[in-house]
Amino acid sequence: MGPLSRLAIWALVVSLVLHSGDGFYLPGSYPHKYQVRDALSVKVNSLTSIDTEMPFSYYSLPFCKPDEGVKDSAENLGELLMGDRIENSPYRFKMYTNESDILLCRSDPLTPQDFNLMKKRIDEMYQVNLILDNLPAIRYTKKDDYFLRWTGYPVGVKVGDAYYVFNHLKFTVLVHKYEETNVARVMGTGDAADVIPTLDKSGAGTPGWMVVGFEVVPCSFQHDSESIKSLKMYNKYPAKIQCDPTMVGMAIKENQPIVFTYEVSFVESDIKWPSRWDAYLKMEGAKVHWFSILNSLMVIAFLAGIVLVILLRTVRRDLTRYEEFDKEAQAQMNEELSGWKLVVSDVFRAPDHPLLLCVMVGDGIQILGMGVVTILFAALGFMSPASRGTLITGMLFFYLVLGIAAGYVAVRMWKTIKSGDHSGWVSVSWRVACFFPGIAFLILTTLNFLLWGSHSTGAIPISLFIILILLWFCISVPLTLVGGFLGAKAPHIEYPVRTNQIPREIPPQKYPSWLLVLGAGTLPFGTLFIELFFIMSSIWMGRVYYVFGFLFIVLILLVVVCAEVSLVLTYMHLCVEDWKWWWKSFFSSGSVAIYIFLYSVNYLVFDLKSLSGPVSATLYLGYSLFMVTAIMLATGTVGFISSFWFIHYLFSSVKLD
């Protein structure tokens with residue numbers, strides 16, 4: 001069975017299961033059944049902060065370590081690139097077994113270095129991230145009449161001049177009775193189908209349980225460190241611990257140890273396993289989010305419709321008008337009238353720097369294809385937040401594979417500009433394979449040195465750097481060369497008109513043409529600026545982004561608007577006898593990247609007010625520059641290809657000598 005067949009079956013199963021109302025388990029995601037008193041292991045992730053945007057290892061602070069030593073959990077490429085470092089922890093639970101006043105450890109006396117580091121991490125608002133059964137720990141805080149949801153809990157808090165650490169954790173694990181539901185068979189030919197569940201054959205014994213929620217309440221409790229010197233990890237603390245999150249008690253001091261304790265309670269919940277991520281995906285202001293997206297889509301669709309109608313009516317009127325004349329009348333009219341028909345002998349003249357244009361278009365095709373395919377798979381549920389790093393891993397995989405398309409488009413465009421001469425296609429393919437990855441490598445390496453200097457887990461390890469370089473030169477480059485070879489063998493696109501040897505002089509313009517090109521990016525920017533806010537909040541504010549269906553619609557609409565804006569501007573330039581449309585068509589839609597970068601700066605100034613330090617600001621601007629470069633190549637390619645198709649169609653429709 002081929003991959004396309006499997007994908008079609010998955011899509012069918014998704015629609016059938018969602019229609020039937022039963023829970024659907026994502027590919028690679030399945031419930032884990034635990035018996036009563038089975039061991040549950042809590043894992044720890046990197047410490048994170050919206051104040052610095054630099055993750056650090058959990059064990060960089062003097063927290064308790066497991067007896068068996070710190071071990072890395074299995075990580076994928078996406079997790080490493082995102083700065084996640086998932087490790088084991090000393091926290092141990094037993095399924096459906098409530099425990100309280102459990103001693104975790106008594107740390108060594110805080111050295112001056114540890115003491116200052118703890119104070120610094122508290123000042124920078126670092127959060128501790130715990131994971132149980134792939135669910136991040138969630139914390140609820142009440143504000144006015146509603147609850148706010150947070151993932152993780154703060155390292156500590158500063159009250160006055162004293163620093164307090166949250167050294168007692170009150171865990172609540174929500175569990176649901178195990179219900180095994182499998183799609184046994186799908187009957188029917190598409191008009192009807194039966195999804196038949198199978199019962200748990202082991203139901204006669206003790207029922208199993210699934211983890212459907214993981215909540216934490218952090219407390220700062222003043223322990224008596226002397227009274228537990230003889231106790232071991234997981235022993236009972238000698239006194240009753242009252243966890244009051246509104247009070248603080250454990251102030252950190254130099255040369256003083258910290259005692260860590262915890263308690264856990266299990267609560268049976270009505271939440272079913274497929275719905276256990278709902279608590280993380282319910283973003284505050286969801287109604288405003290949906291309304292804003294819908295409103296933006298309606299407005300942009302309306303404007304795009306107007307642009308399309310005006311364009312079609314104008315071009316159709318011109319074509320009809322010219323075709324009503326005979327050849328002599330056409331020749332006379334060409335002398336009397338100005339317009340796009342007068343540049344017929346120059347419109348397909350090779351642009352300045354044709355090699356660079358072909359390379360940028362090829363890379364734009366690769367980036368655009370990666371974005372469309374990745375978001376489509378994410379919208380279908382194949383890259384859910386439950387599978388950490390799969391989104392980044394998927395983007396990298398699709399980018400590598402689409403090197404074939406990049407090489408093909410770039411070389412075929414090069415061959416077309418050279419009127420069928422495909423010599424130099426290897427050089428074009430190499431440049432396509434190295435242009436954007438080279439820019440990304442330069443930016444990310446520079447930022448990586450900053451992260452290395454800060455000892456952040458966000459820094460890419462040397463081993464991963466080597467893997468990325470191997471993927472680049474062993475997969476991406478060969479596939480791009482294969483695509484270039486196919487492009488060299490493919491027939492070039494025949495121009496419908498001949499080009500004169502002497503270029504026509506472009507009349508002086510009333511206004512700089514590039515000014516209009518740069519201003520054209522405002523309309524594509526209007527299609528995504530609302531969605532851009534939520535994406536930026538997801539990246540920099542630690543929120544979960546999940547509305548990939550809407551993002552896919554916005555992406556398609558962005559492509560349509562970029563194409564139409566480029567068509568209109570190209571037609572306007574031709575009407576004033578400006579035949580240098582190649583680069584202008586690229587940047588008329590690609591200029592949206594300028595406005596996205598300006599929006600990123602605005603977001604840094606007004607929304608990330610707490611971002612501290614030049615290193616954090618440099619990281620933010622560096623990643624923003626990397627993002628807008630990719631967007632510029634993708635949107636510019638859409639504008640160029642649509643304008644090329646439009647001009648080819650326009651001049652093919654006019655009968656000329």
# chains A, B, ... in the order shown; residues from 1 in each chain; ligands from 1
call {"tool": "residues_around", "arguments": {"residues": "Phe587 in chain A", "least_positions_apart": "5", "cutoff": "12 Å", "atoms": "only C-alpha atoms", "output": "PyMOL selection string"}}
result
chain A and resi 357+360-361+513-521+562-563+565-567+569-570+581-582+592-594+631-641+643
call {"tool": "write_last_selection", "arguments": {"atoms": "N, CA and C atoms", "output": "mmCIF file, in the first residue's frame"}}
result
data_model
loop_
_atom_site.group_PDB
_atom_site.id
_atom_site.type_symbol
_atom_site.label_atom_id
_atom_site.label_comp_id
_atom_site.auth_asym_id
_atom_site.auth_seq_id
_atom_site.Cartn_x
_atom_site.Cartn_y
_atom_site.Cartn_z
ATOM 1 N N LEU A 357 17.485 35.838 -9.483
ATOM 2 C CA LEU A 357 16.032 35.726 -9.498
ATOM 3 C C LEU A 357 15.596 34.265 -9.545
ATOM 4 N N MET A 360 16.170 32.634 -6.118
ATOM 5 C CA MET A 360 15.207 33.061 -5.108
ATOM 6 C C MET A 360 13.830 32.456 -5.357
ATOM 7 N N VAL A 361 13.446 32.344 -6.624
ATOM 8 C CA VAL A 361 12.166 31.714 -6.946
ATOM 9 C C VAL A 361 12.194 30.230 -6.582
ATOM 10 N N SER A 513 8.411 54.073 -9.162
ATOM 11 C CA SER A 513 7.660 52.820 -9.272
ATOM 12 C C SER A 513 7.907 51.913 -8.074
ATOM 13 N N TRP A 514 9.104 51.969 -7.496
ATOM 14 C CA TRP A 514 9.408 51.097 -6.368
ATOM 15 C C TRP A 514 8.641 51.502 -5.111
ATOM 16 N N LEU A 515 8.221 52.766 -5.061
ATOM 17 C CA LEU A 515 7.424 53.200 -3.912
ATOM 18 C C LEU A 515 6.093 52.456 -3.880
ATOM 19 N N LEU A 516 5.486 52.297 -5.054
ATOM 20 C CA LEU A 516 4.230 51.557 -5.144
ATOM 21 C C LEU A 516 4.446 50.073 -4.852
ATOM 22 N N VAL A 517 5.579 49.548 -5.284
ATOM 23 C CA VAL A 517 5.892 48.143 -5.039
ATOM 24 C C VAL A 517 6.009 47.868 -3.539
ATOM 25 N N LEU A 518 6.712 48.741 -2.827
ATOM 26 C CA LEU A 518 6.872 48.547 -1.384
ATOM 27 C C LEU A 518 5.554 48.726 -0.646
ATOM 28 N N GLY A 519 4.713 49.633 -1.123
ATOM 29 C CA GLY A 519 3.423 49.843 -0.472
ATOM 30 C C GLY A 519 2.429 48.737 -0.728
ATOM 31 N N ALA A 520 2.678 47.927 -1.777
ATOM 32 C CA ALA A 520 1.733 46.863 -2.117
ATOM 33 C C ALA A 520 1.681 45.772 -1.065
ATOM 34 N N GLY A 521 2.705 45.679 -0.226
ATOM 35 C CA GLY A 521 2.721 44.619 0.785
ATOM 36 C C GLY A 521 1.708 44.805 1.889
ATOM 37 N N CYS A 562 -1.573 37.721 -2.631
ATOM 38 C CA CYS A 562 -0.248 38.025 -3.174
ATOM 39 C C CYS A 562 -0.258 37.946 -4.697
ATOM 40 N N ALA A 563 -0.911 36.916 -5.218
ATOM 41 C CA ALA A 563 -0.984 36.766 -6.671
ATOM 42 C C ALA A 563 -1.727 37.931 -7.304
ATOM 43 N N VAL A 565 -2.349 41.015 -6.069
ATOM 44 C CA VAL A 565 -1.638 42.285 -5.914
ATOM 45 C C VAL A 565 -0.519 42.393 -6.946
ATOM 46 N N SER A 566 0.208 41.315 -7.134
ATOM 47 C CA SER A 566 1.294 41.330 -8.109
ATOM 48 C C SER A 566 0.768 41.505 -9.526
ATOM 49 N N LEU A 567 -0.351 40.861 -9.841
ATOM 50 C CA LEU A 567 -0.948 41.019 -11.170
ATOM 51 C C LEU A 567 -1.327 42.465 -11.438
ATOM 52 N N LEU A 569 -0.239 45.268 -9.996
ATOM 53 C CA LEU A 569 0.903 46.163 -10.117
ATOM 54 C C LEU A 569 1.672 45.941 -11.412
ATOM 55 N N THR A 570 1.795 44.680 -11.812
ATOM 56 C CA THR A 570 2.468 44.407 -13.083
ATOM 57 C C THR A 570 1.707 45.025 -14.242
ATOM 58 N N TRP A 581 9.417 44.361 -15.293
ATOM 59 C CA TRP A 581 8.430 43.867 -14.328
ATOM 60 C C TRP A 581 8.936 42.693 -13.493
ATOM 61 N N TRP A 582 10.023 42.079 -13.890
ATOM 62 C CA TRP A 582 10.431 40.830 -13.265
ATOM 63 C C TRP A 582 10.641 40.974 -11.757
ATOM 64 N N VAL A 592 5.616 42.226 1.754
ATOM 65 C CA VAL A 592 4.871 41.964 2.991
ATOM 66 C C VAL A 592 5.832 41.623 4.133
ATOM 67 N N ALA A 593 7.015 41.103 3.796
ATOM 68 C CA ALA A 593 7.995 40.756 4.830
ATOM 69 C C ALA A 593 8.465 41.992 5.588
ATOM 70 N N ILE A 594 8.515 43.149 4.903
ATOM 71 C CA ILE A 594 8.928 44.384 5.580
ATOM 72 C C ILE A 594 7.949 44.718 6.695
ATOM 73 N N ILE A 631 9.568 34.256 4.574
ATOM 74 C CA ILE A 631 8.281 34.755 4.092
ATOM 75 C C ILE A 631 8.462 35.577 2.826
ATOM 76 N N MET A 632 9.516 36.381 2.773
ATOM 77 C CA MET A 632 9.772 37.192 1.580
ATOM 78 C C MET A 632 10.002 36.320 0.349
ATOM 79 N N LEU A 633 10.772 35.248 0.511
ATOM 80 C CA LEU A 633 11.023 34.359 -0.626
ATOM 81 C C LEU A 633 9.746 33.648 -1.064
ATOM 82 N N ALA A 634 8.938 33.194 -0.112
ATOM 83 C CA ALA A 634 7.721 32.458 -0.459
ATOM 84 C C ALA A 634 6.688 33.368 -1.122
ATOM 85 N N THR A 635 6.387 34.509 -0.505
ATOM 86 C CA THR A 635 5.372 35.408 -1.078
ATOM 87 C C THR A 635 5.855 36.047 -2.370
ATOM 88 N N GLY A 636 7.158 36.369 -2.435
ATOM 89 C CA GLY A 636 7.687 36.923 -3.677
ATOM 90 C C GLY A 636 7.583 35.952 -4.830
ATOM 91 N N THR A 637 7.796 34.679 -4.554
ATOM 92 C CA THR A 637 7.672 33.656 -5.601
ATOM 93 C C THR A 637 6.243 33.562 -6.112
ATOM 94 N N VAL A 638 5.277 33.647 -5.199
ATOM 95 C CA VAL A 638 3.865 33.625 -5.622
ATOM 96 C C VAL A 638 3.582 34.782 -6.568
ATOM 97 N N GLY A 639 4.047 35.992 -6.200
ATOM 98 C CA GLY A 639 3.811 37.154 -7.044
ATOM 99 C C GLY A 639 4.483 37.042 -8.394
ATOM 100 N N PHE A 640 5.721 36.552 -8.415
ATOM 101 C CA PHE A 640 6.440 36.452 -9.680
ATOM 102 C C PHE A 640 5.799 35.435 -10.612
ATOM 103 N N ILE A 641 5.499 34.257 -10.108
ATOM 104 C CA ILE A 641 4.936 33.211 -10.963
ATOM 105 C C ILE A 641 3.571 33.624 -11.498
ATOM 106 N N SER A 643 2.506 36.698 -12.024
ATOM 107 C CA SER A 643 2.712 37.753 -13.021
ATOM 108 C C SER A 643 3.259 37.177 -14.316
#
call {"tool": "residues_around", "arguments": {"residues": "range 206-210 of chain A", "least_positions_apart": "5", "cutoff": "9 Å", "atoms": "only C-alpha atoms", "output": "number ranges by chain"}}
result
A: 31-36, 95-96, 174-179, 272-273
call {"tool": "atom_distance", "arguments": {"atom1": "CA of Met413 in chain A", "atom2": "CA of Thr629 in chain A"}}
result
21.4 Å
call {"tool": "residues_around", "arguments": {"residues": "range 239-252 of chain A", "least_positions_apart": "4", "cutoff": "10 Å", "atoms": "only C-alpha atoms", "output": "count of residues only"}}
result
37
call {"tool": "closest_residue", "arguments": {"among": "A:Ala488, A:Asn134, A:Tyr511, A:Asn255", "to": "Asp421 in chain A", "atoms": "only C-alpha atoms"}}
result
A:Ala488
call {"tool": "atom_distance", "arguments": {"atom1": "CA of Leu148 in chain A", "atom2": "CA of Phe382 in chain A"}}
result
28.1 Å
call {"tool": "select_by_dssp", "arguments": {"residues": "range 82-154 of chain A", "states": "alpha helix (DSSP H)", "output": "count of residues only"}}
result
13
call {"tool": "closest_residue", "arguments": {"among": "A:Ser591, A:Pro508, A:Val544, A:Lys229", "to": "Arg388 in chain A", "atoms": "only C-alpha atoms"}}
result
A:Val544
call {"tool": "residues_around", "arguments": {"residues": "range 369-380 of chain A", "least_positions_apart": "6", "cutoff": "7 Å", "atoms": "only C-alpha atoms", "output": "CSV table (one decimal) with N, CA, C and O atoms, in the first residue's frame"}}
result
chain,number,residue,atom,x,y,z
A,394,GLY,N,8.7,17.8,11.1
A,394,GLY,CA,7.9,17.7,9.8
A,394,GLY,C,8.3,18.8,8.8
A,394,GLY,O,8.5,18.5,7.6
A,395,MET,N,8.5,20.0,9.3
A,395,MET,CA,8.9,21.1,8.5
A,395,MET,C,10.3,20.8,7.9
A,395,MET,O,10.5,21.0,6.7
A,398,PHE,N,9.9,18.0,5.2
A,398,PHE,CA,9.3,18.4,3.9
A,398,PHE,C,10.2,19.4,3.1
A,398,PHE,O,10.2,19.4,1.9
A,399,TYR,N,10.9,20.2,3.9
A,399,TYR,CA,11.8,21.1,3.2
A,399,TYR,C,12.9,20.4,2.5
A,399,TYR,O,13.2,20.7,1.3
A,548,PHE,N,-4.8,25.2,13.4
A,548,PHE,CA,-4.1,25.1,12.2
A,548,PHE,C,-5.1,25.1,11.0
A,548,PHE,O,-4.7,25.4,9.9
A,549,GLY,N,-6.3,24.7,11.2
A,549,GLY,CA,-7.3,24.8,10.2
A,549,GLY,C,-7.5,26.3,9.7
A,549,GLY,O,-7.5,26.5,8.5
A,552,PHE,N,-4.4,27.4,7.9
A,552,PHE,CA,-4.3,26.9,6.5
A,552,PHE,C,-5.2,27.8,5.6
A,552,PHE,O,-4.8,28.1,4.4
call {"tool": "atom_distance", "arguments": {"atom1": "CA of Val426 in chain A", "atom2": "CA of Phe465 in chain A"}}
result
26.4 Å
call {"tool": "residues_around", "arguments": {"residues": "range 77-83 of chain A", "least_positions_apart": "4", "cutoff": "7 Å", "atoms": "only C-alpha atoms", "output": "NGL selection string"}}
result
:A and (55 or 388-390 or 392-393 or 457-460)
call {"tool": "residues_around", "arguments": {"residues": "range 427-439 of chain A", "least_positions_apart": "3", "cutoff": "6 Å", "atoms": "only C-alpha atoms", "output": "PyMOL selection string"}}
result
chain A and resi 359+407+424+442+477+481+484
call {"tool": "closest_residue", "arguments": {"among": "A:Lys584, A:Lys236, A:Lys143, A:Lys120", "to": "Ser49 in chain A", "atoms": "only C-alpha atoms"}}
result
A:Lys120
call {"tool": "decode", "arguments": {"residues": "range 431-442 of chain A", "atoms": "all heavy atoms", "output": "JSON list (two decimals), in the first residue's frame"}}
result
[["chain", "number", "residue", "atom", "x", "y", "z"],
["A", 431, "ARG", "N", 23.38, 26.77, -6.31],
["A", 431, "ARG", "CA", 23.04, 28.03, -5.64],
["A", 431, "ARG", "C", 21.68, 27.95, -4.95],
["A", 431, "ARG", "O", 21.49, 28.51, -3.87],
["A", 431, "ARG", "CB", 23.07, 29.18, -6.65],
["A", 431, "ARG", "CG", 24.47, 29.64, -7.02],
["A", 431, "ARG", "CD", 24.44, 30.66, -8.15],
["A", 431, "ARG", "NE", 25.73, 31.31, -8.31],
["A", 431, "ARG", "CZ", 26.76, 30.82, -8.98],
["A", 431, "ARG", "NH1", 26.64, 29.61, -9.55],
["A", 431, "ARG", "NH2", 27.88, 31.48, -9.08],
["A", 432, "VAL", "N", 20.74, 27.25, -5.58],
["A", 432, "VAL", "CA", 19.42, 27.07, -4.95],
["A", 432, "VAL", "C", 19.57, 26.28, -3.65],
["A", 432, "VAL", "O", 18.95, 26.60, -2.63],
["A", 432, "VAL", "CB", 18.46, 26.34, -5.91],
["A", 432, "VAL", "CG1", 17.18, 25.94, -5.19],
["A", 432, "VAL", "CG2", 18.14, 27.23, -7.09],
["A", 433, "ALA", "N", 20.40, 25.24, -3.68],
["A", 433, "ALA", "CA", 20.57, 24.39, -2.51],
["A", 433, "ALA", "C", 21.31, 25.09, -1.38],
["A", 433, "ALA", "O", 21.23, 24.65, -0.22],
["A", 433, "ALA", "CB", 21.32, 23.11, -2.90],
["A", 434, "CYS", "N", 22.04, 26.17, -1.69],
["A", 434, "CYS", "CA", 22.88, 26.82, -0.67],
["A", 434, "CYS", "C", 22.44, 28.23, -0.30],
["A", 434, "CYS", "O", 22.91, 28.76, 0.71],
["A", 434, "CYS", "CB", 24.33, 26.86, -1.15],
["A", 434, "CYS", "SG", 25.08, 25.24, -1.40],
["A", 435, "PHE", "N", 21.54, 28.84, -1.08],
["A", 435, "PHE", "CA", 21.21, 30.26, -0.85],
["A", 435, "PHE", "C", 20.47, 30.45, 0.48],
["A", 435, "PHE", "O", 21.00, 31.03, 1.43],
["A", 435, "PHE", "CB", 20.38, 30.80, -2.02],
["A", 435, "PHE", "CG", 20.00, 32.25, -1.86],
["A", 435, "PHE", "CD1", 20.95, 33.25, -1.99],
["A", 435, "PHE", "CD2", 18.69, 32.61, -1.58],
["A", 435, "PHE", "CE1", 20.61, 34.59, -1.84],
["A", 435, "PHE", "CE2", 18.33, 33.94, -1.43],
["A", 435, "PHE", "CZ", 19.29, 34.93, -1.56],
["A", 436, "PHE", "N", 19.24, 29.96, 0.57],
["A", 436, "PHE", "CA", 18.48, 30.15, 1.80],
["A", 436, "PHE", "C", 19.06, 29.35, 2.97],
["A", 436, "PHE", "O", 19.18, 29.88, 4.09],
["A", 436, "PHE", "CB", 17.01, 29.80, 1.58],
["A", 436, "PHE", "CG", 16.19, 29.90, 2.83],
["A", 436, "PHE", "CD1", 15.88, 31.14, 3.38],
["A", 436, "PHE", "CD2", 15.74, 28.76, 3.48],
["A", 436, "PHE", "CE1", 15.14, 31.24, 4.55],
["A", 436, "PHE", "CE2", 14.99, 28.84, 4.64],
["A", 436, "PHE", "CZ", 14.69, 30.10, 5.18],
["A", 437, "PRO", "N", 19.43, 28.06, 2.77],
["A", 437, "PRO", "CA", 20.07, 27.36, 3.90],
["A", 437, "PRO", "C", 21.33, 28.06, 4.39],
["A", 437, "PRO", "O", 21.63, 28.04, 5.59],
["A", 437, "PRO", "CB", 20.38, 25.97, 3.32],
["A", 437, "PRO", "CG", 19.39, 25.78, 2.24],
["A", 437, "PRO", "CD", 19.21, 27.14, 1.64],
["A", 438, "GLY", "N", 22.08, 28.69, 3.48],
["A", 438, "GLY", "CA", 23.27, 29.42, 3.89],
["A", 438, "GLY", "C", 22.93, 30.62, 4.76],
["A", 438, "GLY", "O", 23.60, 30.89, 5.77],
["A", 439, "ILE", "N", 21.87, 31.36, 4.37],
["A", 439, "ILE", "CA", 21.42, 32.49, 5.19],
["A", 439, "ILE", "C", 20.96, 32.00, 6.55],
["A", 439, "ILE", "O", 21.31, 32.58, 7.59],
["A", 439, "ILE", "CB", 20.29, 33.24, 4.47],
["A", 439, "ILE", "CG1", 20.81, 33.89, 3.19],
["A", 439, "ILE", "CG2", 19.67, 34.30, 5.39],
["A", 439, "ILE", "CD1", 19.73, 34.56, 2.36],
["A", 440, "ALA", "N", 20.16, 30.91, 6.56],
["A", 440, "ALA", "CA", 19.68, 30.36, 7.83],
["A", 440, "ALA", "C", 20.84, 29.89, 8.69],
["A", 440, "ALA", "O", 20.86, 30.12, 9.92],
["A", 440, "ALA", "CB", 18.73, 29.19, 7.55],
["A", 441, "PHE", "N", 21.82, 29.24, 8.07],
["A", 441, "PHE", "CA", 22.97, 28.74, 8.81],
["A", 441, "PHE", "C", 23.75, 29.89, 9.44],
["A", 441, "PHE", "O", 24.20, 29.81, 10.60],
["A", 441, "PHE", "CB", 23.87, 27.93, 7.88],
["A", 441, "PHE", "CG", 25.02, 27.24, 8.56],
["A", 441, "PHE", "CD1", 24.82, 26.04, 9.22],
["A", 441, "PHE", "CD2", 26.29, 27.79, 8.54],
["A", 441, "PHE", "CE1", 25.87, 25.40, 9.86],
["A", 441, "PHE", "CE2", 27.34, 27.16, 9.18],
["A", 441, "PHE", "CZ", 27.13, 25.96, 9.84],
["A", 442, "LEU", "N", 23.92, 30.98, 8.70],
["A", 442, "LEU", "CA", 24.65, 32.13, 9.21],
["A", 442, "LEU", "C", 23.93, 32.76, 10.40],
["A", 442, "LEU", "O", 24.54, 33.05, 11.45],
["A", 442, "LEU", "CB", 24.83, 33.16, 8.10],
["A", 442, "LEU", "CG", 25.56, 34.46, 8.47],
["A", 442, "LEU", "CD1", 27.00, 34.15, 8.90],
["A", 442, "LEU", "CD2", 25.55, 35.44, 7.30]]
